[in-house]
Structure formats: C-alpha cells, structure tokens
Amino acid sequence: MSDVELVEPSPPGRAAGMHRRLYDWVIGWAQTRHGAAALFLLAAAESSFFPIPPDVLLIALVLGAPRRWARLALICTVGSVVGGVIGYGIGAGLMDTLGAAIIRTYKAEEYYNKICGLYAEYDCWLLLAAAFTPIPYKVFTIASGALSMNLLSFALVSLAGRGARFLLVAALLWKFGPPLRTFIERYFNLLTLALLAAIVAGFAVVTWMS
C-alpha cells in the first residue's frame with residue numbers, strides 16, 4: 001500500500017533492504033512517546049520526498065490507542081497537507097534543481113510527463129485521485145507547483161483527499177481492530193481504487209441525471 005514501488009535504485013537487493021530498514025524505522029516510532037509527532041513529520045515528508053507512506057505508522061498508532069483514531073487521522077492529514085504545500089513550493093520555485101532531482105530519484109520522469117499532459121484539463125480531479133489513492137502523491141504536489149495550480153484549490157483538494165484516506169483507514173481500524181490490519185495492508189491499493197471508482201461513477205450518474 002505504499003509509494004515505495006517507484007523507488008528503484010540499483011542493485012535491487014540493496015533497494016529492498018533499504019526499504020525494509022526504512023519501514024522498520026518508521027514503525028519503531030509507534031513504540032515511543034513521540035509517535036504522534038513522528039506521524040506528522042512522516043506525513044509531511046512523504047508528500048514531498050520521502051518514500052514510506054504515513055499509513056504504516058498511522059495503523060500502528062491507532063491499534064495502540066484506538067480511542068485516539070480521529071485525532072491521529074487529523075494529525076496525519078494536516079501533516080500531509082503541509083508537506084504537500086512544501087512539495088508545491090519545490091515545484092514552483094525549485095523545479096529545475098530539487099524538483100527534478102526528486103523525480104529522478106523515483107525514476108518517475110515518464111510518469112511526471114504524463115501528469116503534465118493531463119493537468120490542463122483535469123488538475124483538481126487528478127490531485128484528488130493522487131491524494132486518496134496509492135498514486136504517488138509527491139509527484140503530483142511537485143507537478144502542481146511547477147504547473148502553477150491555484151494554491152488555495154491545491155490545499156483544499158489535498159485536505160479533502162488526504163483527510164478522506166486517513167480517516168477511512170483509522171475509522172476502520174477503530175471499528176474492527178487488529179484483525180483488519182492484515183487485510184488493509186494486503187489490499188489497501190485495491191480498496192482505495194475501488195472506492196475512487198465508486199465516487200467517480202456516482203458523480204457521473206448525478207451529471208447524467210441533471
């Protein structure tokens with residue numbers, strides 16, 4: 001359920017080991033009293049450059065403190081939106097240097113070019129899809145700044161998409177507990193894509209009927 005798949009430095013064996021160490025390091029914060037602060041910082045970093053999504057720490061923290069699920073989801077959402085604005089700033093002011101370097105690190109040049117080609121017509125919808133689904137959000141935040149998307153629209157769409165994603169994960173874990181963790185981790189990508197498809201279909205039906 002992560003954006004980690006885009007990170008492909010060679011050799012593959014070393015990359016897999018690095019991802020595992022990063023994942024374990026992230027999860028380790030759930031065992032400390034700084035878990036909530038780490039969640040905020042992780043969410044902010046992931047929206048602009050970091051490979052491990054905040055969902056993994058959010059899941060661990062909610063399972064450890066189920067009654068705090070809404071607060072933790074809010075912390076994760078705000079951190080992600082703040083990080084998204086940072087990514088936007090990178091695209092707006094540092095695209096030729098830092099922005100391009102981040103895109104290259106994730107081997108996402110072709111992906112970035114495709115986004116740019118679709119942005120003129122579908123900017124808010126593309127951003128919403130990236131904010132809610134496993135589509136690498138950081139590439140979109142940088143592209144949004146580079147293509148001069150309205151900053152207020154960017155922030156509001158990011159808030160809606162990221163908020164819906166993290167609240168959904170936290171609420172399901174609060175309601176159904178640890179047995180749901182394995183299911184979410186295994187099928188998170190399919191679940192979010194299916195829900196997004198249902199939302200799009202709903203909008204299509206409303207538009208057709210109006």
# chains A, B, ... in the order shown; residues from 1 in each chain; ligands from 1
$ residues_around --residues "Pro66 in chain A" --least-positions-apart "4" --cutoff "10 Å" --atoms "only C-alpha atoms" --output "PyMOL selection string"
chain A and resi 59-62+70+72+170-171+173-175+177
$ write_last_selection --atoms "N, CA and C atoms" --output "mmCIF file, in the first residue's frame"
data_model
loop_
_atom_site.group_PDB
_atom_site.id
_atom_site.type_symbol
_atom_site.label_atom_id
_atom_site.label_comp_id
_atom_site.auth_asym_id
_atom_site.auth_seq_id
_atom_site.Cartn_x
_atom_site.Cartn_y
_atom_site.Cartn_z
ATOM 1 N N ILE A 59 -1.505 3.207 11.138
ATOM 2 C CA ILE A 59 -2.103 1.917 11.510
ATOM 3 C C ILE A 59 -1.570 1.448 12.861
ATOM 4 N N ALA A 60 -0.265 1.509 13.034
ATOM 5 C CA ALA A 60 0.338 1.052 14.290
ATOM 6 C C ALA A 60 -0.128 1.887 15.474
ATOM 7 N N LEU A 61 -0.214 3.195 15.286
ATOM 8 C CA LEU A 61 -0.620 4.083 16.378
ATOM 9 C C LEU A 61 -2.089 3.898 16.745
ATOM 10 N N VAL A 62 -2.950 3.737 15.743
ATOM 11 C CA VAL A 62 -4.378 3.540 16.028
ATOM 12 C C VAL A 62 -4.606 2.208 16.739
ATOM 13 N N ALA A 70 -9.447 9.368 15.629
ATOM 14 C CA ALA A 70 -9.796 10.578 14.883
ATOM 15 C C ALA A 70 -8.687 11.620 15.007
ATOM 16 N N LEU A 72 -5.502 11.068 15.577
ATOM 17 C CA LEU A 72 -4.337 10.614 14.820
ATOM 18 C C LEU A 72 -4.552 10.809 13.319
ATOM 19 N N ALA A 170 -8.175 4.952 9.643
ATOM 20 C CA ALA A 170 -8.243 5.000 11.108
ATOM 21 C C ALA A 170 -9.599 4.540 11.625
ATOM 22 N N ALA A 171 -10.677 4.941 10.955
ATOM 23 C CA ALA A 171 -12.013 4.560 11.406
ATOM 24 C C ALA A 171 -12.238 3.058 11.285
ATOM 25 N N LEU A 173 -9.955 0.731 11.419
ATOM 26 C CA LEU A 173 -9.160 0.068 12.459
ATOM 27 C C LEU A 173 -9.793 0.232 13.830
ATOM 28 N N TRP A 174 -10.350 1.404 14.104
ATOM 29 C CA TRP A 174 -11.025 1.641 15.381
ATOM 30 C C TRP A 174 -12.247 0.731 15.511
ATOM 31 N N LYS A 175 -12.971 0.573 14.411
ATOM 32 C CA LYS A 175 -14.211 -0.199 14.445
ATOM 33 C C LYS A 175 -13.965 -1.696 14.522
ATOM 34 N N GLY A 177 -10.627 -3.290 14.606
ATOM 35 C CA GLY A 177 -9.474 -3.711 15.375
ATOM 36 C C GLY A 177 -8.400 -4.456 14.607
#
$ select_by_dssp --residues "range 1-195 of chain A" --states "alpha helix (DSSP H)" --output "NGL selection string"
:A and (12-28 or 35-46 or 55-64 or 69-93 or 100-105 or 109-132 or 137-146 or 151-176 or 179-195)
$ residues_around --residues "Leu126 in chain A" --least-positions-apart "2" --cutoff "12 Å" --atoms "only C-alpha atoms" --output "ChimeraX atom specification"
/A:114-124,128-133,135-137,139-141,143-144,149,154,157-158,161,196,200
$ residues_around --residues "range 81-92 of chain A" --least-positions-apart "5" --cutoff "8 Å" --atoms "only C-alpha atoms" --output "number ranges by chain"
A: 43-49, 98-99, 138, 141-148, 155, 158-159, 162
$ closest_residue --among "A:Tyr111, A:Thr77, A:Arg21, A:Asp96" --to "Leu39 in chain A" --atoms "only C-alpha atoms"
A:Thr77
$ closest_residue --among "A:Leu74, A:Trp69, A:Leu41, A:Leu63" --to "Pro179 in chain A" --atoms "only C-alpha atoms"
A:Leu63
$ closest_residue --among "A:Gly28, A:Gly35, A:Pro54, A:Gly163" --to "Val78 in chain A" --atoms "only C-alpha atoms"
A:Gly163
$ atom_distance --atom1 "CA of Ile27 in chain A" --atom2 "CA of Leu57 in chain A"
5.5 Å
$ atom_distance --atom1 "CA of Ala160 in chain A" --atom2 "CA of Leu172 in chain A"
18.0 Å
$ atom_distance --atom1 "CA of Ile52 in chain A" --atom2 "CA of Thr105 in chain A"
13.9 Å
$ closest_residue --among "A:Gly64, A:Pro53, A:Gly79, A:Gly93" --to "Gln31 in chain A" --atoms "only C-alpha atoms"
A:Gly64
